[in-house]
file my_file.txt (compact mmCIF, C-alpha atoms)
# COMPACT_ATOMS: atom_id res chain seq x y z
CA MET A 1 -48.85 13.83 -32.17
CA ALA A 2 -46.78 15.53 -29.48
CA CYS A 3 -44.45 12.54 -29.33
CA SER A 4 -44.02 12.66 -33.09
CA TRP A 5 -43.19 16.38 -32.91
CA VAL A 6 -40.62 15.82 -30.11
CA ALA A 7 -38.96 13.00 -32.04
CA LYS A 8 -38.79 15.12 -35.18
CA LEU A 9 -37.32 18.06 -33.26
CA SER A 10 -34.81 15.80 -31.51
CA LYS A 11 -33.63 14.41 -34.84
CA GLU A 12 -33.24 17.92 -36.26
CA LEU A 13 -31.27 19.02 -33.19
CA LEU A 14 -29.04 15.95 -33.45
CA CYS A 15 -28.35 16.59 -37.11
CA LYS A 16 -27.57 20.22 -36.33
CA GLU A 17 -25.19 19.13 -33.53
CA LEU A 18 -23.45 16.78 -35.95
CA GLY A 19 -23.15 19.58 -38.46
CA THR A 20 -25.14 17.70 -41.10
CA TYR A 21 -28.43 18.57 -42.77
CA CYS A 22 -30.68 15.54 -42.79
CA GLN A 23 -32.78 14.70 -45.82
CA PRO A 24 -35.19 11.79 -45.23
CA ARG A 25 -34.15 8.58 -46.93
CA HIS A 26 -31.02 10.26 -48.33
CA GLY A 27 -27.51 9.57 -47.05
CA LYS A 28 -26.29 8.18 -43.75
CA PHE A 29 -28.29 10.48 -41.50
CA GLY A 30 -31.50 9.89 -43.41
CA ASN A 31 -31.56 6.33 -42.04
CA ILE A 32 -34.19 6.16 -39.30
CA ASN A 33 -32.47 3.26 -37.50
CA PHE A 34 -29.17 5.11 -37.35
CA LEU A 35 -30.84 8.25 -35.95
CA ASN A 36 -32.73 6.24 -33.35
CA SER A 37 -29.53 4.57 -32.14
CA MET A 38 -27.77 7.94 -31.96
CA LEU A 39 -30.68 9.41 -30.05
CA LEU A 40 -30.66 6.50 -27.65
CA ARG A 41 -26.99 7.13 -26.86
CA ARG A 42 -27.46 10.92 -26.73
CA PHE A 43 -30.47 10.92 -24.41
CA SER A 44 -29.87 7.72 -22.44
CA THR A 45 -29.52 7.75 -18.66
CA GLU A 46 -25.98 8.64 -17.54
CA VAL A 47 -23.70 5.90 -16.22
CA SER A 48 -23.68 5.91 -12.44
CA ALA A 49 -20.54 6.80 -10.50
CA SER A 50 -20.11 3.25 -9.20
CA GLU A 51 -20.44 1.84 -12.75
CA GLN A 52 -17.88 4.37 -13.99
CA MET A 53 -15.38 3.31 -11.35
CA ASN A 54 -16.00 -0.34 -12.21
CA LEU A 55 -15.42 0.30 -15.94
CA ILE A 56 -12.25 2.29 -15.20
CA ARG A 57 -10.99 -0.56 -13.03
CA GLN A 58 -11.77 -3.19 -15.70
CA LEU A 59 -10.11 -1.25 -18.52
CA ARG A 60 -7.13 -0.38 -16.33
CA GLU A 61 -6.64 -4.09 -15.50
CA LYS A 62 -7.05 -5.02 -19.14
CA THR A 63 -4.55 -2.52 -20.53
CA SER A 64 -2.35 -1.25 -17.66
CA ALA A 65 -2.69 2.22 -19.23
CA PRO A 66 -2.53 5.29 -16.93
CA ILE A 67 -5.84 5.99 -15.15
CA LYS A 68 -6.08 9.45 -16.72
CA GLU A 69 -5.91 7.95 -20.23
CA VAL A 70 -8.32 5.14 -19.32
CA GLU A 71 -10.95 7.60 -18.06
CA ALA A 72 -10.51 9.90 -21.08
CA ALA A 73 -11.00 6.99 -23.48
CA LEU A 74 -14.15 5.81 -21.68
CA VAL A 75 -15.68 9.29 -21.59
CA SER A 76 -14.99 9.89 -25.30
CA CYS A 77 -16.55 6.49 -26.12
CA ASN A 78 -19.66 7.07 -23.94
CA TRP A 79 -18.46 4.42 -21.44
CA ASP A 80 -18.38 1.66 -24.06
CA ILE A 81 -15.47 -0.42 -22.73
CA GLU A 82 -14.70 -2.25 -26.01
CA ALA A 83 -14.67 0.98 -28.02
CA ALA A 84 -12.54 2.61 -25.31
CA HIS A 85 -10.06 -0.28 -25.46
CA LYS A 86 -9.70 0.20 -29.20
CA ASP A 87 -9.38 3.97 -28.75
CA LEU A 88 -6.65 3.49 -26.13
CA ARG A 89 -4.59 1.39 -28.52
CA LYS A 90 -4.88 4.12 -31.17
CA ARG A 91 -3.94 6.80 -28.64
CA GLY A 92 -1.03 4.66 -27.47
CA VAL A 93 0.85 4.89 -30.76
CA VAL A 94 0.57 8.69 -30.69
CA LEU A 95 1.56 8.94 -27.02
CA ALA A 96 4.53 6.60 -27.47
CA SER A 97 5.68 8.68 -30.44
CA LYS A 98 5.53 11.88 -28.35
CA LYS A 99 7.60 10.27 -25.58
CA SER A 100 10.24 8.78 -27.90
CA SER A 101 12.57 11.78 -27.59
CA ARG A 102 12.80 11.55 -23.81
CA THR A 103 15.92 10.00 -22.25
CA ALA A 104 15.48 6.38 -21.17
CA ALA A 105 18.47 5.41 -19.02
CA GLU A 106 16.81 2.97 -16.60
CA GLY A 107 15.61 -0.52 -17.43
CA LEU A 108 16.73 -4.12 -17.36
CA LEU A 109 19.02 -6.63 -19.02
CA ALA A 110 17.37 -9.86 -20.09
CA LEU A 111 19.36 -13.06 -20.63
CA ALA A 112 18.45 -16.16 -22.61
CA GLN A 113 20.82 -19.05 -23.22
CA ASN A 114 21.20 -22.68 -24.17
CA ASP A 115 24.18 -25.05 -24.04
CA ASN A 116 25.97 -23.42 -26.97
CA ARG A 117 24.86 -19.79 -27.04
CA ALA A 118 23.79 -16.89 -24.80
CA VAL A 119 22.10 -13.59 -25.63
CA VAL A 120 21.64 -10.52 -23.44
CA VAL A 121 19.47 -7.54 -24.47
CA GLU A 122 19.05 -4.14 -22.85
CA LEU A 123 15.52 -2.72 -22.67
CA ASN A 124 15.42 0.86 -21.40
CA CYS A 125 12.73 2.95 -19.72
CA GLU A 126 12.71 6.31 -17.94
CA THR A 127 12.28 5.21 -14.29
CA ASP A 128 13.12 2.22 -12.12
CA PHE A 129 9.41 2.11 -11.21
CA VAL A 130 8.57 0.96 -14.75
CA ALA A 131 11.56 -1.43 -14.70
CA ARG A 132 9.70 -3.25 -11.90
CA ASN A 133 6.52 -3.44 -13.99
CA GLU A 134 5.51 -7.03 -14.76
CA ILE A 135 4.62 -6.29 -18.42
CA PHE A 136 7.94 -4.49 -19.00
CA GLN A 137 9.80 -7.46 -17.53
CA TYR A 138 7.79 -9.90 -19.64
CA LEU A 139 8.65 -7.93 -22.79
CA ALA A 140 12.36 -7.87 -21.92
CA SER A 141 12.43 -11.66 -21.43
CA SER A 142 10.49 -12.19 -24.68
CA LEU A 143 12.99 -10.07 -26.62
CA ALA A 144 15.94 -12.05 -25.23
CA ASN A 145 14.29 -15.35 -26.20
CA ALA A 146 13.55 -13.98 -29.67
CA ALA A 147 17.17 -12.89 -30.11
CA LEU A 148 18.40 -16.32 -29.03
CA SER A 149 16.37 -17.92 -31.83
CA VAL A 150 17.94 -15.75 -34.55
CA GLU A 151 20.80 -17.17 -36.61
CA SER A 152 23.83 -14.89 -36.39
CA PRO A 153 27.50 -14.79 -37.42
CA VAL A 154 28.48 -15.43 -33.80
CA GLN A 155 27.44 -19.03 -34.26
CA GLN A 156 30.29 -19.50 -36.74
CA ILE A 157 32.99 -17.42 -35.01
CA GLN A 158 34.36 -17.25 -31.50
CA ALA A 159 33.45 -13.72 -30.44
CA ALA A 160 30.89 -11.58 -28.66
CA PHE A 161 28.56 -10.33 -31.39
CA PRO A 162 26.98 -6.89 -30.70
CA PHE A 163 23.69 -5.85 -32.33
CA GLY A 164 21.35 -2.85 -32.27
CA SER A 165 17.56 -2.59 -32.21
CA GLU A 166 17.37 -2.80 -36.02
CA TYR A 167 18.57 -6.41 -35.76
CA LEU A 168 15.24 -7.43 -34.18
CA GLU A 169 12.67 -4.66 -34.73
CA ASN A 170 10.93 -6.23 -37.75
CA MET A 171 10.95 -9.74 -36.29
CA LYS A 172 7.56 -11.16 -35.27
CA ILE A 173 7.18 -12.47 -31.74
CA ASN A 174 4.26 -14.13 -29.99
CA LEU A 175 3.40 -12.33 -26.73
CA ASP A 176 1.50 -14.88 -24.67
CA HIS A 177 0.26 -12.36 -22.12
CA PRO A 178 -3.36 -11.37 -21.33
CA LYS A 179 -2.61 -7.64 -21.59
CA LEU A 180 -0.69 -7.78 -24.87
CA CYS A 181 -1.97 -8.27 -28.39
CA GLY A 182 -0.49 -11.69 -29.22
CA GLU A 183 1.67 -11.79 -32.36
CA ALA A 184 3.39 -8.51 -33.22
CA THR A 185 6.66 -7.19 -34.55
CA VAL A 186 9.25 -6.30 -31.94
CA GLN A 187 8.91 -2.62 -32.82
CA ASN A 188 5.12 -2.66 -32.38
CA ALA A 189 5.39 -4.62 -29.12
CA VAL A 190 7.78 -2.02 -27.69
CA THR A 191 5.42 0.79 -28.79
CA GLU A 192 2.44 -0.96 -27.21
CA VAL A 193 4.18 -1.38 -23.85
CA ALA A 194 5.37 2.24 -23.99
CA ALA A 195 1.73 3.31 -24.36
CA MET A 196 0.69 1.12 -21.44
CA VAL A 197 3.28 2.34 -18.96
CA GLY A 198 3.33 5.96 -20.11
CA GLU A 199 7.10 6.19 -20.62
CA ASN A 200 9.62 6.08 -23.43
CA ILE A 201 10.65 2.44 -23.94
CA LYS A 202 13.65 1.55 -26.10
CA LEU A 203 15.29 -1.68 -27.15
CA ARG A 204 18.79 -0.26 -27.03
CA ARG A 205 21.24 -3.06 -27.84
CA GLY A 206 22.17 -6.68 -27.38
CA PHE A 207 25.11 -9.08 -27.41
CA ALA A 208 25.29 -12.73 -28.43
CA MET A 209 28.05 -15.12 -27.38
CA SER A 210 28.84 -18.66 -28.54
CA ARG A 211 31.39 -21.25 -27.55
CA SER A 212 33.50 -22.75 -30.31
CA SER A 213 34.83 -25.82 -28.51
CA HIS A 214 34.07 -28.19 -25.61
CA GLY A 215 33.11 -26.20 -22.54
CA VAL A 216 30.41 -24.01 -20.99
CA ILE A 217 28.89 -20.57 -21.29
CA SER A 218 28.56 -19.11 -17.80
CA SER A 219 26.53 -16.08 -16.79
CA TYR A 220 25.59 -14.04 -13.75
CA LEU A 221 23.00 -11.27 -13.39
CA HIS A 222 23.36 -8.76 -10.58
CA THR A 223 20.36 -7.01 -8.93
CA SER A 224 18.03 -9.63 -10.37
CA PRO A 225 14.28 -9.18 -9.73
CA HIS A 226 13.51 -12.50 -11.46
CA PRO A 227 15.56 -15.28 -13.10
CA GLY A 228 16.95 -14.09 -16.42
CA LEU A 229 16.67 -10.38 -15.54
CA GLY A 230 19.10 -7.95 -13.90
CA ARG A 231 20.91 -4.61 -14.08
CA ILE A 232 24.48 -5.88 -14.62
CA ALA A 233 25.48 -9.01 -16.55
CA GLY A 234 28.72 -10.97 -16.65
CA LEU A 235 29.19 -13.68 -19.30
CA LEU A 236 32.14 -15.80 -20.40
CA THR A 237 32.99 -18.95 -22.29
CA LEU A 238 35.15 -21.43 -20.39
CA GLU A 239 36.69 -24.07 -22.64
CA VAL A 240 38.62 -27.29 -22.01
CA GLU A 241 40.96 -28.94 -24.50
CA ASP A 242 39.87 -32.54 -23.76
CA GLU A 243 36.55 -33.04 -25.55
CA ASN A 244 35.64 -35.94 -23.26
CA ALA A 245 36.15 -34.02 -20.03
CA ALA A 246 33.23 -33.70 -17.60
CA LEU A 247 31.93 -30.15 -17.30
CA ASP A 248 30.73 -30.03 -13.66
CA ALA A 249 33.88 -28.35 -12.30
CA LEU A 250 33.90 -25.99 -15.28
CA GLN A 251 30.33 -24.87 -14.57
CA HIS A 252 31.11 -24.16 -10.91
CA VAL A 253 34.21 -22.09 -11.67
CA GLY A 254 32.47 -20.44 -14.62
CA LEU A 255 29.71 -19.04 -12.39
CA SER A 256 32.30 -17.69 -9.93
CA LEU A 257 34.21 -16.02 -12.76
CA ALA A 258 31.01 -14.46 -14.16
CA MET A 259 30.43 -12.93 -10.71
CA HIS A 260 34.07 -11.79 -10.66
CA ILE A 261 33.62 -10.02 -14.02
CA VAL A 262 30.60 -8.10 -12.70
CA ALA A 263 32.47 -7.04 -9.54
CA SER A 264 35.96 -6.32 -10.96
CA LYS A 265 35.08 -4.68 -14.30
CA PRO A 266 37.96 -6.00 -16.46
CA LEU A 267 38.55 -4.28 -19.80
CA PHE A 268 40.84 -6.84 -21.49
CA LEU A 269 41.22 -10.61 -21.38
CA SER A 270 45.04 -10.76 -21.43
CA LYS A 271 48.01 -8.37 -21.40
CA GLU A 272 48.62 -9.19 -25.08
CA LEU A 273 45.22 -7.76 -25.98
CA VAL A 274 45.87 -4.37 -24.37
CA SER A 275 46.50 -1.99 -27.25
CA SER A 276 49.91 -0.37 -27.55
CA GLU A 277 48.22 3.05 -27.56
CA ALA A 278 46.58 2.33 -24.19
CA ILE A 279 49.88 1.12 -22.73
CA GLU A 280 51.84 4.15 -23.96
CA SER A 281 49.17 6.55 -22.75
CA GLU A 282 49.13 5.00 -19.28
CA ARG A 283 52.94 4.89 -19.15
CA ASP A 284 53.18 8.62 -20.04
CA ILE A 285 50.73 9.52 -17.29
CA LEU A 286 52.54 7.41 -14.70
CA LYS A 287 55.93 8.81 -15.75
CA SER A 288 54.70 12.40 -15.35
CA GLN A 289 53.38 11.55 -11.90
CA ALA A 290 56.66 9.87 -10.88
CA GLU A 291 58.84 12.75 -12.16
CA SER A 292 57.01 15.18 -9.89
CA SER A 293 58.47 13.26 -6.92
CA GLY A 294 61.97 14.63 -7.67
CA LYS A 295 63.60 11.18 -7.43
CA SER A 296 66.42 9.83 -9.63
CA GLN A 297 65.75 8.52 -13.15
CA MET A 298 66.39 4.92 -12.04
CA ALA A 299 63.91 5.27 -9.17
CA ILE A 300 61.36 6.86 -11.53
CA GLU A 301 61.63 3.92 -13.97
CA LYS A 302 61.09 1.44 -11.13
CA MET A 303 58.07 3.41 -9.94
CA VAL A 304 56.59 3.41 -13.44
CA GLU A 305 57.12 -0.34 -13.90
CA GLY A 306 55.54 -1.08 -10.53
CA ARG A 307 52.53 1.06 -11.31
CA MET A 308 52.17 -0.53 -14.76
CA ARG A 309 51.91 -3.94 -13.07
CA LYS A 310 49.19 -2.47 -10.87
CA TYR A 311 47.44 -1.10 -13.98
CA PHE A 312 47.40 -4.55 -15.61
CA GLU A 313 46.00 -6.07 -12.39
CA GLU A 314 43.16 -3.59 -12.54
CA VAL A 315 42.12 -3.87 -16.21
CA VAL A 316 43.26 -7.33 -17.43
CA LEU A 317 41.03 -10.25 -16.42
CA LEU A 318 43.77 -12.89 -16.23
CA GLU A 319 45.98 -10.59 -14.13
CA GLN A 320 43.26 -9.61 -11.63
CA LYS A 321 43.09 -10.99 -8.11
CA PHE A 322 40.17 -13.41 -7.86
CA VAL A 323 37.36 -11.58 -6.09
CA MET A 324 36.42 -14.65 -3.99
CA ASN A 325 40.00 -15.31 -2.92
CA ASP A 326 42.38 -12.38 -3.34
CA GLY A 327 45.30 -14.67 -2.53
CA VAL A 328 45.23 -16.00 -6.12
CA HIS A 329 44.99 -14.41 -9.55
CA VAL A 330 42.48 -15.50 -12.19
CA LYS A 331 45.35 -16.92 -14.26
CA SER A 332 46.44 -19.10 -11.31
CA LEU A 333 42.84 -20.21 -10.76
CA LEU A 334 42.67 -21.48 -14.35
CA ASN A 335 46.03 -23.24 -13.99
CA ASP A 336 44.78 -25.05 -10.87
CA LEU A 337 41.58 -26.02 -12.68
CA SER A 338 43.59 -27.36 -15.64
CA LYS A 339 45.58 -29.60 -13.28
CA GLU A 340 42.39 -30.82 -11.60
CA MET A 341 40.79 -31.71 -14.95
CA GLY A 342 43.96 -33.07 -16.53
CA SER A 343 43.50 -30.83 -19.55
CA SER A 344 44.13 -27.17 -20.44
CA VAL A 345 41.29 -24.78 -19.53
CA LYS A 346 41.01 -21.26 -20.92
CA ILE A 347 38.58 -18.35 -21.13
CA GLY A 348 37.46 -17.99 -24.74
CA ASN A 349 35.85 -14.56 -24.38
CA PHE A 350 33.97 -12.48 -21.85
CA LEU A 351 31.40 -9.71 -21.61
CA ARG A 352 30.32 -7.22 -18.97
CA ILE A 353 27.30 -5.02 -19.65
CA GLU A 354 25.41 -2.62 -17.38
CA VAL A 355 22.05 -0.88 -17.81
CA GLY A 356 22.43 2.71 -18.95
CA GLU A 357 26.23 2.73 -19.35
CA GLY A 358 27.30 5.30 -21.93
CA ILE A 359 23.70 6.34 -22.49
CA HIS A 360 24.57 9.99 -23.15
CA ARG A 361 27.44 9.04 -25.44
CA LEU A 362 25.04 6.76 -27.26
CA GLU A 363 22.66 9.66 -27.95
CA ALA A 364 25.58 11.65 -29.33
CA ALA A 365 27.39 8.95 -31.29
CA GLU A 366 25.00 5.97 -31.48
CA ALA A 367 27.74 3.60 -30.26
CA PRO A 368 27.43 0.70 -27.81
CA ASP A 369 29.67 0.94 -24.74
CA ALA A 370 30.06 -2.52 -23.26
CA VAL A 371 33.17 -4.49 -22.49
CA ALA A 372 33.52 -7.49 -24.78
CA GLN A 373 36.87 -9.19 -25.40
CA ALA A 374 37.72 -12.23 -27.51
CA ALA A 375 40.84 -14.31 -27.15
call {"tool": "encode", "arguments": {"input": "my_file.txt", "output": "structure tokens"}}
result
Amino acid sequence: MACSWVAKLSKELLCKELGTYCQPRHGKFGNINFLNSMLLRRFSTEVSASEQMNLIRQLREKTSAPIKEVEAALVSCNWDIEAAHKDLRKRGVVLASKKSSRTAAEGLLALAQNDNRAVVVELNCETDFVARNEIFQYLASSLANAALSVESPVQQIQAAFPFGSEYLENMKINLDHPKLCGEATVQNAVTEVAAMVGENIKLRRGFAMSRSSHGVISSYLHTSPHPGLGRIAGLLTLEVEDENAALDALQHVGLSLAMHIVASKPLFLSKELVSSEAIESERDILKSQAESSGKSQMAIEKMVEGRMRKYFEEVVLLEQKFVMNDGVHVKSLLNDLSKEMGSSVKIGNFLRIEVGEGIHRLEAAEAPDAVAQAA
């Protein structure tokens, strides 16, 4: 009798705690099995400290979410690890949304390429600590591979084709990783990883490059934690006129030139591609500097012409001194290679991109700021 009275009182207290008046056999809380299961959870023995630590460790390994969020999810779900996992994923969307306004200027470039085409994407985060995270790196590589598979206008024209996050965000990708949810859209995958690492994650931009004739696409990634990842990328197409020419020598020189592009930061491929506005602006600056010397007009003109040659050597790829042998210019290097191969060799186009460059200008004007020149 006493047991019956205790059970009845417990059920009434539970209903009161839930804010619901319980009528027997009526509604959800009138179900005796439901009440018994709720009572079992409410009055069960507490999970021991060692079990709690074990569950936190398991869920942390499973999700890579911050420990604070893992513990909060487990507590709110009465230490039910499956329910907590589901709760964490729901929380993650909200948390990622809250973090989306924070500046993300760190991150990685990811490169994917085949014989005819190369793609580089920039995935940003807030700290270099997250950039070293294995899941973040896996996502970056997956996005580059996804971008490589997309048909784009660059496959029909000889140019570096820039694209923003909207180019990929609705595309479905398969994330073959134990801590990720399998197939998802690019946008959802980025949100999920943002929730895991506790930072704002953004797919900022990408560039695709194709070759239009016989030759190679060469690339180099600087500060590379793993193959296909880095902080600075140099890409170029190196093309030979003879369609039957072997490409071994081209590949070797192409890699060296990709490294040169990263180190020397060219802005234009040739002098002919430097805009007249840029030339006039630079000439006016140099003339003002020369006039302050007090020398004759003839001397001033010679000074300006000499400094203009220096300007072209700094910003024009073909006019630059080769970084691996400053005794020759890039143009001379290509001439020597043409003689060696018995056919004309030229650079079709090139690209240099660095993590975080122009990030503040991007927030103000939403404009990519990478160097990409086409012949």
call {"tool": "closest_residue", "arguments": {"input": "my_file.txt", "among": "A:Lys265, A:His252, A:Arg102, A:His177", "to": "A:Val216", "atoms": "all atoms listed in the file"}}
result
A:His252
call {"tool": "residues_near_point", "arguments": {"input": "my_file.txt", "point": "(-16.1, 2.3, -11.0)", "cutoff": "12 Å", "atoms": "only C-alpha atoms", "output": "PyMOL selection string"}}
result
chain A and resi 47-60+67+70-71+74+79
call {"tool": "atom_distance", "arguments": {"input": "my_file.txt", "atom1": "atom CA of A:Glu272", "atom2": "atom CA of A:Ala118"}}
result
26.0 Å
call {"tool": "atom_distance", "arguments": {"input": "my_file.txt", "atom1": "atom CA of A:Arg205", "atom2": "atom CA of A:Gln187"}}
result
13.3 Å
call {"tool": "atom_distance", "arguments": {"input": "my_file.txt", "atom1": "atom CA of A:Lys202", "atom2": "atom CA of A:Asn145"}}
result
16.9 Å
call {"tool": "residues_around", "arguments": {"input": "my_file.txt", "residues": "stretch 236-239 of chain A", "least_positions_apart": "3", "cutoff": "10 Å", "atoms": "all atoms listed in the file", "output": "PyMOL selection string"}}
result
chain A and resi 116-118+158-160+209-220+242-243+247+250-251+253-255+257-258+261+334+344-352+372-374
call {"tool": "residues_around", "arguments": {"input": "my_file.txt", "residues": "A:Met324", "least_positions_apart": "3", "cutoff": "10 Å", "atoms": "only C-alpha atoms", "output": "list in words"}}
result
Ser256, Leu257, Met259, His260, Lys321, Gly327 and Val328 of chain A
call {"tool": "closest_residue", "arguments": {"input": "my_file.txt", "among": "A:Glu282, A:Asp248, A:Glu340, A:Glu291", "to": "A:Phe312", "atoms": "all atoms listed in the file"}}
result
A:Glu282
call {"tool": "closest_residue", "arguments": {"input": "my_file.txt", "among": "A:Leu88, A:Cys125, A:Ile359, A:Ala131", "to": "A:Glu192", "atoms": "all atoms listed in the file"}}
result
A:Leu88
